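See structure below.
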Amino acid sequence: MGRFIAAIVVFAVALVFLGTGIAFKVFAGPRSVSESVTLSASASYAVVDASVVAARPGVQSVVLSGGTTNVVGYGRTIDVLSWIGESPYLNVTRSSTGKISSKLITPEVTEGATAPTIVSPAGSDMWLEQNSGDASATLSMNLPAEMSVILSSDGVEPVSPRVVFTWPLSLPSFLWMQDDQLLFLGGGVTLVGIALYMWALAHYRAKQGPRRKTPKPPRPKKISHSPHRGIRAERTRGRRAGPRRSALIAVPLAVALSLSLASCASPFQNGSGVATPTPTSTSSSQEGIDLPPVAVTEEQMRVIMGHLSEVSATADETLDANVASTRFAGAALEARRANYSMRKADPALAAISAIPNTPPSLFLPESSNTWPRSLFAIYQPVAKTVKGGEDDTAPTIALILQQISPRDNYKVIYQTNLQANETVPEVAAANVGTVEVPADSKLLLLPPDRIAAAYADILTRGEQSEYYDDFESSGDSLRAALQAERAQQNADNVAISYTDRAGTGPVVAMATVSAGALVSVSVDEIARFEPQGGRSLKLSGALKALGGTELAPRPVSATYQFELLFFVPAIGSAEKISLIGFSENLTKVVME
């Protein structure tokens, strides 16, 4: 009987949960409140002020519909307005009386300004979150005061004039649960009650229910010579024995099991049924200087690096420099373009290290409200299974990315491999960011714009260079390798000469915690091979693949590009300038 009582109690609990959930579902009223606005004019873009969507508590949703293409995104207000630039846009605001209205803004056009390079905001690296669709586009957010929403069509057609803003309403709850959770939990408890009832019914039939058996003839009694044989004492059961104890345990056990199932498996996370992306803007100070918010958040960085990895994989597989140019520029693009050309001629040649599709192990954004903006990231090697075991020779990659203007995406301009015996100096946290040190700064041991020329002079003159004592020679594997290589390449029939010069790539210097800077530059080594005695040069490997010939009767010049990453200490420091990482790529072969 106790098992039936336990089942009844569980069914009663389930009835409470289900009844309360149904009542909330039917009588609670609307789950959200909406406001709509019809834009007053026609423009390619609209900017929604934070005061419009933050007027009510909870997660805000912006729905743009009616256009052939609909794009909704949000970011820092200064970034949104910088991206729009000199294009006319509709500014959507809320008045002090609570009315939503829009006004056409036409910025002043700067004489000689460069035309925007992107017409649609979809896919821009500027946005913390974005969504697009053909029929409509919906984006949920929790917008801080310093951010705004951008609305657009395809950048050419006018933005759809109808915009709807939606906020969730506070729903009634019981035991901290709302209607959906109550119904889900009630269903779970009902299943437990059914299981208890089936258990009780089976026990009743097995132990106490009527039994109908086929009669059998009586068996003859056996005579025992011992008066004690065949006699067994059985323990009597009292009223408080097994059944009642089982019932008392079953009830709390069933309720606990149901609650645990509901808490672990419930698909509902909040009253509105949507996840809550919460963008944050960190305004921190570094050494007493107030910095603007970081230009790129960690979530943005993951999206940017995902796009970069995808483009890198496609370009490296198809050997298409045009594809690579969408995410690579400067020295990094020049190196890949030359590598693709060589690998088309000789597939056995090695490829440049791919960009892994994983979050960077170190990420340092710039804190800036101006352009260009820079990012620094480091990727640990991903072990690949090769014949005989795992390949542990994959280098640790350091990337410098730069965004030239608001409508440009971030592109890799330097890709270097860190030296095994070097460590990256301490830098600020990703949510604090850093500042870019001016190229002509006198606060460092050597101004960043002189680093490349100084290092090139050391490669050419060695200890005779005036900059030799400024650079750490111990651990500089590039310098040691070049010296050994040049010493071994003397030939009787070939005259070899080397010229080292600063590269044409931009100088990027990002401040470290110690007041020093991580400086990225490029240096070119031009090796000239001149045949002697009327002979021809025989080219092989990369020289043959990039030069397009095996025999050269005239002198040949080969340009090797070094992408370099230095740590430059502050002026007055006892440390020297140290080479942290480098990559070497053959970029040009010319027959004179």
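Labeling convention for the structure tokens: chains A, B, ... as they appear, residues from 1 per chain, ligands from 1 in order of appearance.
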Inset, instruction - With a distance cut-off of 9 Å and only C-alpha atoms, select the neighbouring residues of A:Tyr74, excluding the residue or stretch itself and same-chain residues fewer than 5 positions from it, and output the selection as a ChimeraX atom specification. - result: /A:80,126-130,139,141,143,147-151
(request) Write out as a list in words the residues lying within 12 Å of A:Arg461, counting only C-alpha atoms and excluding same-chain residues fewer than 4 positions away. (result)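 Returned residues: Ala454, Tyr455, Ala456, Asp457, Ser465, Glu466, Tyr467, Tyr468, Arg479, Gln483, Tyr498, Thr499, Asp500 and Arg501 of chain A.
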ask   = Excluding same-chain residues fewer than 2 positions from A:Ser573, what lies within 12 Å of it counting only C-alpha atoms, as a ChimeraX atom specification?
value = /A:443-446,470,514-516,568-571,575-577
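Of the residues under consideration (A:Ser65, A:Gln60, A:Ser102, A:Ser140), A:Ser102 shows the shortest atom-to-atom contact distance to A:Ser40 when counting only C-alpha atoms.
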Between A:Ser96, A:Gln380, A:Asn142, A:Thr587, which residue has the minimum interatomic distance to A:Ala50, considering only C-alpha atoms?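 Among A:Ser96, A:Gln380, A:Asn142, A:Thr587, it is A:Asn142 that comes nearest to A:Ala50.
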Next on the checklist: as a ChimeraX atom specification, please: every residue in stretch 325-556 of chain A that a backbone DSSP assignment puts in strand (DSSP E or B).
Outcome noted: /A:328,362-367,373-379,384-386,389-391,397-403,411-418,434,436,444,471,494-502,508-511,517-531,537-538,551-552,556
Computed gap from atom CA of A:Asn431 to atom CA of A:Glu299 is 10.9 Å
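Of the listed residues A:Arg205, A:Lys544, A:Arg535, A:Arg528, the one whose atoms come nearest to A:Ala558 is A:Arg528, with distances taken using only C-alpha atoms.
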Point to revise | For A:Leu418: contacts at 10 Å, only C-alpha atoms, fewer than 6 positions along chain excluded, given as a list in words | key: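 Counting only the stated atoms, we get Ile378, Tyr379, Gln380, Pro395, Thr396, Ile397, Ala398, Val424, Leu564, Leu565, Leu579, Ile580, Gly581, Phe582 and Ser583 of chain A.
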Please produce a file of the residues just selected, as a PDB file, in the first residue's frame, where the atoms kept are C-alpha atoms.
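Saved to part11.pdb:
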```pdb
ATOM      1  CA  ILE A 378      50.390  34.489 -31.117  1.00  0.00           C
ATOM      2  CA  TYR A 379      49.400  30.964 -32.115  1.00  0.00           C
ATOM      3  CA  GLN A 380      50.926  27.903 -30.524  1.00  0.00           C
ATOM      4  CA  PRO A 395      56.615  26.878 -35.302  1.00  0.00           C
ATOM      5  CA  THR A 396      54.844  29.229 -32.937  1.00  0.00           C
ATOM      6  CA  ILE A 397      53.389  31.970 -35.149  1.00  0.00           C
ATOM      7  CA  ALA A 398      53.247  35.673 -34.325  1.00  0.00           C
ATOM      8  CA  VAL A 424      57.470  37.492 -25.574  1.00  0.00           C
ATOM      9  CA  LEU A 564      61.216  40.493 -38.147  1.00  0.00           C
ATOM     10  CA  LEU A 565      59.767  40.901 -34.645  1.00  0.00           C
ATOM     11  CA  LEU A 579      65.141  39.450 -32.041  1.00  0.00           C
ATOM     12  CA  ILE A 580      62.079  37.480 -30.907  1.00  0.00           C
ATOM     13  CA  GLY A 581      61.010  35.951 -34.201  1.00  0.00           C
ATOM     14  CA  PHE A 582      61.574  36.022 -37.935  1.00  0.00           C
ATOM     15  CA  SER A 583      60.515  34.404 -41.201  1.00  0.00           C
TER      16      SER A 583
END
```
Of A:Ala495, A:Ile78, A:Ala313, A:Val62, the one sitting nearest A:Ser136 when using only C-alpha atoms is A:Val62
Straight-line distance linking atom CA of A:Ala295 with atom CA of A:Ile400, stated in Å to one decimal
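Atom-to-atom, atom CA of A:Ala295 to atom CA of A:Ile400, that is 14.5 Å.
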Counting only C-alpha atoms, what is within 12 Å of A:Gln532, bar same-chain residues fewer than 4 positions away, as an mmCIF file with C-alpha atoms, in the first residue's frame?
```
data_model
loop_
_atom_site.group_PDB
_atom_site.id
_atom_site.type_symbol
_atom_site.label_atom_id
_atom_site.label_comp_id
_atom_site.auth_asym_id
_atom_site.auth_seq_id
_atom_site.Cartn_x
_atom_site.Cartn_y
_atom_site.Cartn_z
ATOM 1 C CA ALA A 491 82.371 29.480 -55.633
ATOM 2 C CA ASP A 492 85.188 29.546 -58.178
ATOM 3 C CA ASN A 493 82.987 30.194 -61.189
ATOM 4 C CA VAL A 494 80.415 32.471 -59.527
ATOM 5 C CA ALA A 495 80.905 35.880 -57.924
ATOM 6 C CA ILE A 496 78.445 36.335 -55.033
ATOM 7 C CA SER A 536 75.986 30.123 -67.241
ATOM 8 C CA LEU A 537 74.414 29.883 -63.834
ATOM 9 C CA ALA A 552 71.035 31.812 -66.699
ATOM 10 C CA PRO A 553 73.848 33.223 -68.893
ATOM 11 C CA ARG A 554 73.645 36.608 -67.140
ATOM 12 C CA PRO A 555 73.853 37.683 -63.475
#
```
Residue neighbourhood A:Gly475, 10 Å, only C-alpha atoms, exclusion window fewer than 5 positions, as number ranges by chain | A: 419-422, 480, 578-580
With C-alpha atoms retained, could you export that selection as a short mmCIF file (atom, residue, chain, number, x, y, z; two decimals), in the first residue's frame?
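And here is the file that came out, part_9.cif:
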```cif
data_model
loop_
_atom_site.label_atom_id
_atom_site.label_comp_id
_atom_site.auth_asym_id
_atom_site.auth_seq_id
_atom_site.Cartn_x
_atom_site.Cartn_y
_atom_site.Cartn_z
CA GLN A 419 62.61 31.63 -31.98
CA ALA A 420 62.69 28.65 -29.66
CA ASN A 421 64.93 30.42 -27.12
CA GLU A 422 62.95 33.66 -26.94
CA ALA A 480 74.27 33.26 -37.13
CA SER A 578 66.49 41.35 -29.07
CA LEU A 579 65.14 39.45 -32.04
CA ILE A 580 62.08 37.48 -30.91
#
```
* Within 12 Å of A:Asp154 using only C-alpha atoms, minus same-chain residues under 5 positions, as a ChimeraX atom specification -> /A:43-45,67-72,118-123,132-134,159-160
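Nearest to A:Ile451 of all the residues A:Leu90, A:Ala14, A:Ala137, A:Val521 is A:Val521, based on only C-alpha atoms.
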Next item on the list: Measure the distance from atom CA of A:Asp49 to atom CA of A:Lys103 in Å and round it to one decimal.
Entry: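 Computing it gives 11.8 Å between the two atoms.
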Where does DSSP see alpha helix (DSSP H) in stretch 397-526 of chain A, if you list the residues as a PyMOL selection string?
chain A and resi 451-461+477-488
